[in-house]
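Source file data27.csv; content: CSV, C-alpha atoms.
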chain,number,residue,atom,x,y,z
A,1,MET,CA,-4.8,-25.5,2.6
A,2,SER,CA,-4.8,-26.0,-1.2
A,3,LEU,CA,-1.6,-26.1,-3.2
A,4,LYS,CA,-2.4,-22.8,-4.8
A,5,SER,CA,-3.1,-21.1,-1.5
A,6,LYS,CA,0.1,-22.6,-0.1
A,7,PHE,CA,2.0,-21.3,-3.1
A,8,PHE,CA,0.7,-17.7,-2.8
A,9,SER,CA,1.3,-17.6,0.9
A,10,SER,CA,4.9,-18.7,0.3
A,11,LEU,CA,5.5,-15.7,-2.0
A,12,ALA,CA,6.0,-13.5,1.1
A,13,HIS,CA,9.2,-15.6,1.9
A,14,ALA,CA,10.3,-16.3,-1.7
A,15,LYS,CA,14.0,-15.9,-2.7
A,16,ALA,CA,13.7,-16.8,-6.3
A,17,ILE,CA,11.1,-17.7,-8.9
A,18,GLY,CA,11.4,-19.8,-12.1
A,19,ILE,CA,8.8,-20.0,-14.8
A,20,ASP,CA,8.7,-22.7,-17.4
A,21,VAL,CA,6.7,-21.6,-20.5
A,22,SER,CA,4.6,-23.6,-22.9
A,23,LYS,CA,1.7,-22.7,-25.3
A,24,ALA,CA,-1.1,-23.6,-22.9
A,25,LYS,CA,0.3,-23.3,-19.4
A,26,LEU,CA,3.0,-21.9,-17.2
A,27,ASP,CA,4.8,-23.9,-14.4
A,28,ILE,CA,5.9,-21.6,-11.7
A,29,CYS,CA,8.4,-22.6,-9.0
A,30,CYS,CA,8.8,-20.5,-5.9
A,31,LEU,CA,12.0,-21.1,-3.8
A,32,THR,CA,12.1,-20.3,-0.1
A,33,GLU,CA,14.8,-20.9,2.4
A,34,GLN,CA,13.1,-24.1,3.5
A,35,SER,CA,11.4,-25.6,0.5
A,36,ASP,CA,10.1,-25.2,-3.1
A,37,ILE,CA,6.5,-25.1,-4.3
A,38,THR,CA,5.4,-25.4,-7.9
A,39,ILE,CA,2.0,-24.5,-9.4
A,40,GLU,CA,0.6,-24.6,-12.9
A,41,ILE,CA,-1.5,-21.8,-14.3
A,42,HIS,CA,-3.0,-21.2,-17.8
A,43,ASN,CA,-1.0,-19.0,-20.1
A,44,ASP,CA,-3.8,-16.5,-20.4
A,45,ALA,CA,-4.2,-12.9,-19.3
A,46,GLU,CA,-6.4,-13.3,-16.2
A,47,PRO,CA,-4.4,-16.0,-14.3
A,48,ILE,CA,-1.1,-14.2,-15.2
A,49,ARG,CA,-2.5,-10.9,-13.9
A,50,GLU,CA,-3.6,-12.5,-10.7
A,51,PHE,CA,-0.1,-14.0,-10.2
A,52,VAL,CA,1.7,-10.7,-10.8
A,53,GLU,CA,-0.7,-8.9,-8.5
A,54,TRP,CA,0.2,-11.3,-5.7
A,55,LEU,CA,3.9,-10.6,-6.4
A,56,VAL,CA,3.3,-6.9,-6.1
A,57,LYS,CA,1.1,-7.3,-3.0
A,58,HIS,CA,3.9,-9.2,-1.2
A,59,HIS,CA,6.6,-6.8,-2.3
A,60,TYR,CA,8.6,-9.4,-4.2
A,61,CYS,CA,12.0,-8.0,-5.1
A,62,HIS,CA,14.1,-11.0,-6.1
A,63,LYS,CA,14.9,-12.4,-9.5
A,64,ILE,CA,12.4,-14.1,-11.8
A,65,ILE,CA,13.9,-16.4,-14.4
A,66,MET,CA,12.1,-17.3,-17.6
A,67,GLU,CA,13.3,-18.8,-21.0
A,68,SER,CA,12.8,-16.9,-24.2
A,69,THR,CA,10.5,-19.4,-26.1
A,70,GLY,CA,9.0,-18.2,-29.4
A,71,HIS,CA,6.1,-15.8,-28.6
A,72,TYR,CA,4.6,-17.8,-25.7
A,73,HIS,CA,6.4,-16.0,-23.0
A,74,TRP,CA,5.6,-12.4,-24.1
A,75,LEU,CA,2.3,-12.1,-22.1
A,76,MET,CA,3.9,-12.9,-18.8
A,77,ALA,CA,7.1,-10.9,-19.6
A,78,VAL,CA,5.1,-7.7,-20.5
A,79,GLU,CA,3.0,-8.0,-17.4
A,80,LEU,CA,6.0,-8.5,-15.1
A,81,SER,CA,7.8,-5.6,-16.8
A,82,LYS,CA,4.7,-3.4,-16.4
A,83,HIS,CA,5.0,-3.7,-12.6
A,84,ASN,CA,8.8,-3.2,-12.7
A,85,LEU,CA,9.7,-6.7,-11.4
A,86,ASP,CA,13.2,-8.1,-11.8
A,87,LEU,CA,12.6,-10.4,-14.8
A,88,ARG,CA,15.6,-12.1,-16.5
A,89,LEU,CA,14.8,-13.6,-19.9
A,90,ILE,CA,17.5,-16.2,-20.7
A,91,ASN,CA,18.5,-18.1,-23.8
A,92,PRO,CA,17.4,-21.7,-23.6
A,93,LEU,CA,21.1,-22.7,-24.2
A,94,LEU,CA,21.9,-21.4,-20.8
A,95,SER,CA,19.3,-23.5,-19.0
A,96,SER,CA,20.3,-26.5,-21.1
A,97,LYS,CA,23.8,-26.1,-19.8
A,98,HIS,CA,22.5,-26.4,-16.2
A,99,ALA,CA,20.3,-29.4,-17.2
A,100,LYS,CA,23.3,-31.3,-18.6
A,101,ALA,CA,25.3,-30.6,-15.5
A,102,GLY,CA,22.8,-32.5,-13.3
A,103,ILE,CA,23.3,-36.1,-12.4
A,104,ARG,CA,19.7,-37.1,-12.9
A,105,LYS,CA,18.4,-36.5,-16.5
A,106,THR,CA,14.7,-36.0,-15.5
A,107,LYS,CA,12.9,-33.7,-18.0
A,108,THR,CA,9.5,-32.4,-16.9
A,109,ASP,CA,8.0,-28.9,-16.9
A,110,LYS,CA,8.0,-28.9,-13.1
A,111,VAL,CA,11.7,-29.9,-13.0
A,112,ASP,CA,12.5,-27.2,-15.6
A,113,ALA,CA,10.7,-24.5,-13.5
A,114,TYR,CA,12.7,-25.6,-10.4
A,115,ARG,CA,15.9,-25.5,-12.4
A,116,LEU,CA,15.2,-22.0,-13.6
A,117,ALA,CA,14.5,-20.9,-10.0
A,118,THR,CA,17.8,-22.3,-8.7
A,119,MET,CA,19.6,-20.4,-11.6
A,120,ALA,CA,18.3,-17.2,-10.1
A,121,LEU,CA,20.4,-17.9,-7.0
A,122,THR,CA,23.5,-19.7,-8.6
A,123,GLU,CA,24.0,-18.4,-12.1
A,124,ARG,CA,26.5,-15.5,-12.4
A,125,ASP,CA,26.1,-14.9,-16.1
A,126,LEU,CA,22.5,-13.8,-16.2
A,127,PRO,CA,21.3,-11.2,-18.8
A,128,ALA,CA,20.4,-7.7,-17.7
A,129,ARG,CA,17.0,-7.0,-16.2
A,130,TRP,CA,14.2,-7.1,-18.9
A,131,HIS,CA,12.1,-4.0,-19.1
A,132,LYS,CA,10.0,-3.7,-22.3
A,133,ASP,CA,6.4,-2.9,-23.1
A,134,ALA,CA,3.8,-4.3,-25.5
A,135,LYS,CA,4.8,-1.8,-28.2
A,136,TRP,CA,8.4,-3.1,-28.2
A,137,VAL,CA,7.1,-6.7,-28.6
A,138,GLU,CA,4.9,-5.6,-31.5
A,139,ILE,CA,7.9,-4.0,-33.3
A,140,ARG,CA,10.0,-7.1,-32.6
A,141,HIS,CA,7.3,-9.3,-34.3
A,142,LYS,CA,7.1,-7.0,-37.3
A,143,VAL,CA,10.9,-7.2,-37.7
A,144,GLY,CA,10.5,-11.0,-37.6
A,145,LEU,CA,7.9,-10.8,-40.4
A,146,LEU,CA,10.2,-8.7,-42.5
A,147,LYS,CA,13.0,-11.2,-42.0
A,148,GLN,CA,10.7,-14.1,-43.2
A,149,MET,CA,9.6,-12.0,-46.2
A,150,GLU,CA,13.2,-11.3,-47.2
A,151,GLN,CA,14.1,-15.0,-46.9
A,152,SER,CA,11.0,-16.0,-49.1
A,153,ILE,CA,11.9,-13.4,-51.7
A,154,GLN,CA,15.5,-14.7,-51.8
A,155,GLN,CA,14.4,-18.3,-52.2
A,156,LEU,CA,11.9,-17.3,-54.9
A,157,LYS,CA,14.6,-15.4,-56.9
A,158,SER,CA,17.0,-18.3,-56.5
A,159,ALA,CA,14.4,-20.8,-57.8
A,160,ILE,CA,13.7,-18.6,-60.8
A,161,SER,CA,17.4,-18.3,-61.6
A,162,ASP,CA,17.8,-22.1,-61.4
A,163,HIS,CA,14.8,-22.5,-63.7
A,164,GLU,CA,16.2,-20.1,-66.2
A,165,GLU,CA,19.5,-21.9,-66.2
A,166,ALA,CA,17.8,-25.2,-66.8
A,167,LEU,CA,15.7,-23.9,-69.7
A,168,ALA,CA,18.8,-22.3,-71.3
A,169,LYS,CA,20.6,-25.6,-71.2
A,170,ILE,CA,17.9,-27.4,-73.2
A,171,GLY,CA,17.3,-24.4,-75.5
A,172,VAL,CA,13.9,-23.4,-74.3
A,173,LEU,CA,13.0,-19.6,-74.3
A,174,GLU,CA,11.3,-17.8,-71.5
A,175,ASP,CA,7.5,-17.7,-71.7
A,176,GLU,CA,5.0,-15.3,-70.3
A,177,TRP,CA,4.4,-17.4,-67.2
A,178,LEU,CA,8.1,-17.1,-66.1
A,179,LEU,CA,8.1,-13.3,-67.0
A,180,THR,CA,5.0,-12.9,-64.8
A,181,LEU,CA,6.7,-14.7,-61.9
A,182,LYS,CA,9.8,-12.5,-62.2
A,183,ARG,CA,7.7,-9.4,-62.2
A,184,GLN,CA,5.9,-10.6,-59.1
A,185,ALA,CA,9.2,-11.3,-57.3
A,186,PHE,CA,10.2,-7.7,-58.2
A,187,GLU,CA,7.0,-6.3,-56.8
A,188,LEU,CA,7.5,-8.3,-53.6
A,189,SER,CA,10.9,-6.7,-53.2
A,190,LYS,CA,9.3,-3.2,-53.5
A,191,VAL,CA,6.7,-4.2,-50.9
A,192,LYS,CA,9.5,-5.2,-48.5
A,193,GLN,CA,11.3,-1.9,-49.0
A,194,ALA,CA,8.2,0.0,-48.4
A,195,SER,CA,7.5,-2.0,-45.3
A,196,GLU,CA,11.0,-1.4,-44.0
A,197,LYS,CA,10.5,2.4,-44.5
A,198,SER,CA,7.1,2.3,-42.8
A,199,LEU,CA,8.5,0.3,-39.8
A,200,THR,CA,11.5,2.7,-39.6
A,201,GLU,CA,9.1,5.6,-39.1
A,202,TYR,CA,7.1,3.7,-36.5
A,203,MET,CA,10.3,2.8,-34.6
A,204,HIS,CA,11.4,6.4,-34.6
A,205,LYS,CA,8.1,7.5,-33.2
A,206,SER,CA,7.6,4.7,-30.7
A,207,LEU,CA,11.2,4.2,-29.3
A,208,SER,CA,14.1,6.4,-28.4
A,209,SER,CA,14.5,8.7,-31.4
A,210,GLU,CA,17.5,10.3,-29.8
A,211,ARG,CA,19.3,7.0,-29.5
A,212,GLN,CA,18.5,6.2,-33.1
A,213,LYS,CA,19.8,9.5,-34.3
A,214,ARG,CA,23.1,8.8,-32.5
A,215,PHE,CA,23.3,5.4,-34.2
A,216,GLN,CA,22.5,7.0,-37.6
A,217,SER,CA,25.5,9.3,-37.2
A,218,ILE,CA,27.8,6.3,-37.7
A,219,PRO,CA,29.0,5.9,-41.3
A,220,GLY,CA,27.1,3.3,-43.2
A,221,VAL,CA,24.2,3.0,-40.7
A,222,SER,CA,20.8,3.5,-42.3
A,223,PRO,CA,17.7,4.7,-40.5
A,224,TYR,CA,16.3,1.2,-40.5
A,225,LEU,CA,19.5,-0.3,-39.0
A,226,ALA,CA,19.5,2.5,-36.4
A,227,GLY,CA,16.0,1.4,-35.4
A,228,LEU,CA,17.0,-2.3,-35.3
A,229,LEU,CA,19.9,-1.4,-33.0
A,230,ASP,CA,17.6,0.5,-30.7
A,231,VAL,CA,15.2,-2.4,-30.6
A,232,PHE,CA,17.6,-5.3,-30.1
A,233,MET,CA,20.7,-3.9,-28.3
A,234,GLN,CA,20.1,-3.5,-24.6
A,235,ASP,CA,21.8,-1.0,-22.4
A,236,GLY,CA,23.0,-2.1,-19.0
A,237,VAL,CA,25.1,-5.1,-20.2
A,238,GLY,CA,28.5,-5.7,-18.8
A,239,SER,CA,30.6,-4.8,-21.9
A,240,VAL,CA,30.5,-4.4,-25.7
A,241,LYS,CA,31.4,-8.1,-25.9
A,242,SER,CA,27.8,-8.9,-25.1
A,243,TRP,CA,26.6,-6.9,-28.1
A,244,VAL,CA,29.1,-8.5,-30.4
A,245,ALA,CA,28.1,-12.0,-29.2
A,246,PHE,CA,24.4,-11.2,-29.5
A,247,VAL,CA,24.7,-10.7,-33.3
A,248,GLY,CA,27.2,-13.6,-33.7
A,249,LEU,CA,30.2,-11.5,-34.7
A,250,ASP,CA,32.3,-12.9,-31.9
A,251,ILE,CA,35.2,-15.3,-32.7
A,252,GLY,CA,35.1,-18.9,-31.6
A,253,ILE,CA,38.7,-20.0,-30.6
A,254,LYS,CA,39.8,-23.6,-30.5
A,255,GLN,CA,43.0,-24.4,-28.7
A,256,SER,CA,44.3,-27.3,-26.7
A,257,GLY,CA,47.9,-27.7,-25.4
A,258,SER,CA,50.2,-26.9,-28.3
A,259,TRP,CA,47.4,-27.4,-30.9
A,260,GLN,CA,45.9,-24.2,-32.2
A,261,GLY,CA,42.7,-24.6,-34.3
A,262,ARG,CA,41.3,-22.2,-36.9
A,263,SER,CA,39.3,-19.3,-35.4
A,264,ARG,CA,35.9,-18.9,-36.9
A,265,LEU,CA,32.9,-16.5,-36.5
A,266,SER,CA,30.5,-18.0,-34.1
A,267,LYS,CA,27.3,-17.0,-36.0
A,268,ARG,CA,25.2,-17.9,-33.0
A,269,GLY,CA,23.4,-14.6,-32.7
A,270,ASN,CA,20.8,-12.6,-34.6
A,271,ALA,CA,21.5,-13.4,-38.2
A,272,TYR,CA,19.2,-10.7,-39.5
A,273,LEU,CA,21.0,-7.9,-37.6
A,274,ARG,CA,24.4,-9.4,-38.5
A,275,LYS,CA,23.5,-9.1,-42.2
A,276,ARG,CA,22.4,-5.5,-41.8
A,277,LEU,CA,25.7,-4.7,-40.0
A,278,TYR,CA,27.6,-6.4,-42.9
A,279,GLN,CA,25.8,-4.2,-45.4
A,280,ALA,CA,26.5,-1.1,-43.3
A,281,ALA,CA,30.2,-2.0,-43.3
A,282,TRP,CA,30.2,-2.1,-47.1
A,283,GLY,CA,28.5,1.3,-47.2
A,284,ALA,CA,30.9,2.8,-44.8
A,285,LYS,CA,33.9,1.4,-46.7
A,286,GLN,CA,32.5,2.9,-49.9
A,287,ASN,CA,31.6,6.4,-48.6
A,288,ASN,CA,33.7,7.2,-45.5
A,289,ALA,CA,37.4,8.0,-45.7
A,290,GLU,CA,38.3,6.5,-42.2
A,291,PHE,CA,36.5,3.3,-42.9
A,292,LYS,CA,38.0,3.1,-46.4
A,293,ALA,CA,41.5,3.6,-45.1
A,294,TYR,CA,41.1,0.9,-42.4
A,295,TYR,CA,39.7,-1.5,-45.0
A,296,GLN,CA,42.7,-0.9,-47.2
A,297,GLN,CA,45.0,-1.5,-44.3
A,298,LEU,CA,43.3,-4.8,-43.5
A,299,ARG,CA,43.6,-5.9,-47.2
A,300,GLU,CA,47.3,-5.0,-47.3
A,301,GLN,CA,47.7,-7.4,-44.3
A,302,GLY,CA,46.4,-10.2,-46.6
A,303,ARG,CA,43.0,-10.5,-45.0
A,304,PRO,CA,40.2,-11.8,-47.3
A,305,TYR,CA,37.4,-9.4,-48.5
A,306,VAL,CA,34.6,-10.9,-46.4
A,307,GLU,CA,36.8,-11.0,-43.3
A,308,CYS,CA,37.6,-7.3,-43.7
A,309,LEU,CA,33.9,-6.3,-43.9
A,310,LEU,CA,33.1,-8.4,-40.9
A,311,ILE,CA,35.9,-6.6,-38.9
A,312,LEU,CA,34.3,-3.3,-40.1
A,313,ALA,CA,30.9,-4.5,-39.0
A,314,ARG,CA,32.2,-5.3,-35.6
A,315,LYS,CA,33.8,-1.8,-35.5
A,316,ILE,CA,30.4,-0.2,-36.3
A,317,LEU,CA,28.8,-2.2,-33.4
A,318,ARG,CA,31.5,-1.2,-31.0
A,319,ILE,CA,31.0,2.5,-31.9
A,320,ALA,CA,27.2,2.1,-31.5
A,321,TYR,CA,27.8,0.7,-28.0
A,322,ASN,CA,29.9,3.7,-27.0
A,323,LEU,CA,27.5,6.2,-28.5
A,324,SER,CA,24.6,4.5,-26.6
A,325,HIS,CA,26.5,4.8,-23.3
A,326,LYS,CA,28.0,8.3,-23.8
A,327,SER,CA,24.9,9.9,-25.3
A,328,GLU,CA,26.7,11.6,-28.1
A,329,ASN,CA,27.0,11.5,-31.9
A,330,TYR,CA,29.8,9.9,-33.9
A,331,ILE,CA,32.9,12.0,-34.6
A,332,GLY,CA,36.0,10.9,-36.3
A,333,LYS,CA,38.3,10.8,-33.2
A,334,MET,CA,36.1,8.0,-31.8
A,335,TRP,CA,37.4,5.6,-34.4
A,336,ALA,CA,40.6,4.6,-32.6
A,337,LYS,CA,38.9,4.3,-29.2
A,338,CYS,CA,36.5,1.6,-30.4
Translate this file's structure into structure tokens.
Amino acid sequence: MSLKSKFFSSLAHAKAIGIDVSKAKLDICCLTEQSDITIEIHNDAEPIREFVEWLVKHHYCHKIIMESTGHYHWLMAVELSKHNLDLRLINPLLSSKHAKAGIRKTKTDKVDAYRLATMALTERDLPARWHKDAKWVEIRHKVGLLKQMEQSIQQLKSAISDHEEALAKIGVLEDEWLLTLKRQAFELSKVKQASEKSLTEYMHKSLSSERQKRFQSIPGVSPYLAGLLDVFMQDGVGSVKSWVAFVGLDIGIKQSGSWQGRSRLSKRGNAYLRKRLYQAAWGAKQNNAEFKAYYQQLREQGRPYVECLLILARKILRIAYNLSHKSENYIGKMWAKC
């Protein structure tokens, strides 16, 4: 019996599966009660479809662990989700933690697949079941393109500003070349705004428009941010702390014995979404009486301006979590509960 045939026959008795992803291939480890078997398949549609069909045929119902690695994992992830299999997409930091805990420091694709499979049985802090479709992946990639566009525009504007400052110091006036570059940067900003508006409409049509309407009822939350929250923030997580950590608004505490270090924002989550929440906090502070009063209260306590806005941003996210789970719009009395 070939290794591939032996692997597929073992799926009937599998207790966990780990998938190590690379651009060209997938290493898949199947754990049974007696042994483990790993095969390698191409990261293409046909072999992935064949593998998933075998899982369905053998009524596989246990966890499948796979790292989130750029865009190379999407094909397998969407196919598994399409057949309602129990896929858990994990942050590479989590698998790295397990790798560092091992005595032997072997690092191969086969070992990584085995390690992911064992995590399905031993790791208690796994993310919620991943269940998305190709349209969600498409929107996620479009958001990534807008993020890159925004960063490029900011870098261009910063470079133009530095150039203008250098010319002013040596007494050289702006020429037509620089004016043209400034106009082009302005036009790029308009293109970005139009793209955000277009994507907002697409998210509203393609995803949960009711959920987005609930998010949009929160002071300061724009239609675009409501769409982003609908795309990125999963239901079914253990608590609102998972949402806060996902965008990097959680606080990293350092303490040992009697020593108490300075607490700082972790910033280990989605920076693009964190920036949008910060902007929403500023808008809420400017235009909503409750948010404005809370902001003033924080300032009177001696908190810096940026810290106050970050607290408001975290408050907006907490409210969004509650609205998502209670299926209702924002009303003022929710303020104190979040």
Practice item. Work out how far apart CA of Tyr202 (chain A) and CA of Ile153 (chain A) are and give it in Å to one decimal. Key: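 Interatomic distance, CA of Tyr202 (chain A) to CA of Ile153 (chain A): 23.4 Å.
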Exercise for review: Take CA of Glu164 (chain A) and CA of Glu150 (chain A) and report the distance between them in Å, one decimal.
Suggested key: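 Separating CA of Glu164 (chain A) from CA of Glu150 (chain A) is a distance of 21.2 Å.
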Practice item. List the residues sitting within 10 Å of (31.8, -17.2, -42.3) in the file's frame, using only C-alpha atoms, as a list in words. Key: Leu249, Arg264, Leu265, Ser266, Lys267, Val306, Glu307 and Leu310 of chain A
Review point. Which polymer residues have any atom within 12 Å of an atom of Tyr305 (chain A), counting all atoms listed in the file, with same-chain residues fewer than 3 positions away left out, as an MDAnalysis selection string?
Key: chainID A and resid 278 281:282 285 295:302 308:312
Review point. Could you state the separation of CA of Gly220 (chain A) and CA of Trp136 (chain A) in Å, given to one decimal place?
Key: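 Distance reported for this atom pair: 24.8 Å.
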Review point. What lies within 10 Å of Glu290 (chain A) using only C-alpha atoms, ignoring chain neighbours under 3 positions off, as an NGL selection string?
Key: :A and (219 or 284-285 or 287 or 293-296 or 332-333 or 335)
Point to revise | Selected residue of minimal separation from Gln234 (chain A) among A:Lys142, A:Arg129, A:Arg303, A:Lys213, counting all atoms listed in the file | key: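 Counting all atoms listed in the file, the residue closest to Gln234 (chain A) is A:Arg129.
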Excluding Tyr114 (chain A) and residues on its chain fewer than 5 positions from it, collect all residues at most 10 Å away from it, counting all atoms listed in the file, and give them as a PDB file with C-alpha atoms, in the frame of the given file.
ATOM      1  CA  ALA A  16      13.700 -16.800  -6.300  1.00  0.00           C
ATOM      2  CA  ILE A  17      11.100 -17.700  -8.900  1.00  0.00           C
ATOM      3  CA  GLY A  18      11.400 -19.800 -12.100  1.00  0.00           C
ATOM      4  CA  ILE A  19       8.800 -20.000 -14.800  1.00  0.00           C
ATOM      5  CA  ASP A  20       8.700 -22.700 -17.400  1.00  0.00           C
ATOM      6  CA  ASP A  27       4.800 -23.900 -14.400  1.00  0.00           C
ATOM      7  CA  ILE A  28       5.900 -21.600 -11.700  1.00  0.00           C
ATOM      8  CA  CYS A  29       8.400 -22.600  -9.000  1.00  0.00           C
ATOM      9  CA  CYS A  30       8.800 -20.500  -5.900  1.00  0.00           C
ATOM     10  CA  LEU A  31      12.000 -21.100  -3.800  1.00  0.00           C
ATOM     11  CA  ASP A  36      10.100 -25.200  -3.100  1.00  0.00           C
ATOM     12  CA  ILE A  37       6.500 -25.100  -4.300  1.00  0.00           C
ATOM     13  CA  THR A  38       5.400 -25.400  -7.900  1.00  0.00           C
ATOM     14  CA  THR A 108       9.500 -32.400 -16.900  1.00  0.00           C
ATOM     15  CA  ASP A 109       8.000 -28.900 -16.900  1.00  0.00           C
ATOM     16  CA  MET A 119      19.600 -20.400 -11.600  1.00  0.00           C
TER      17      MET A 119
END
**Study point:** Close residues, region 121-124 of chain A itself excluded, 12 Å, only C-alpha atoms, min 4 positions apart in chain, as number ranges by chain
**Key:** A: 14-18, 30-33, 62-65, 88, 90, 94-95, 97-98, 114-117, 128, 238
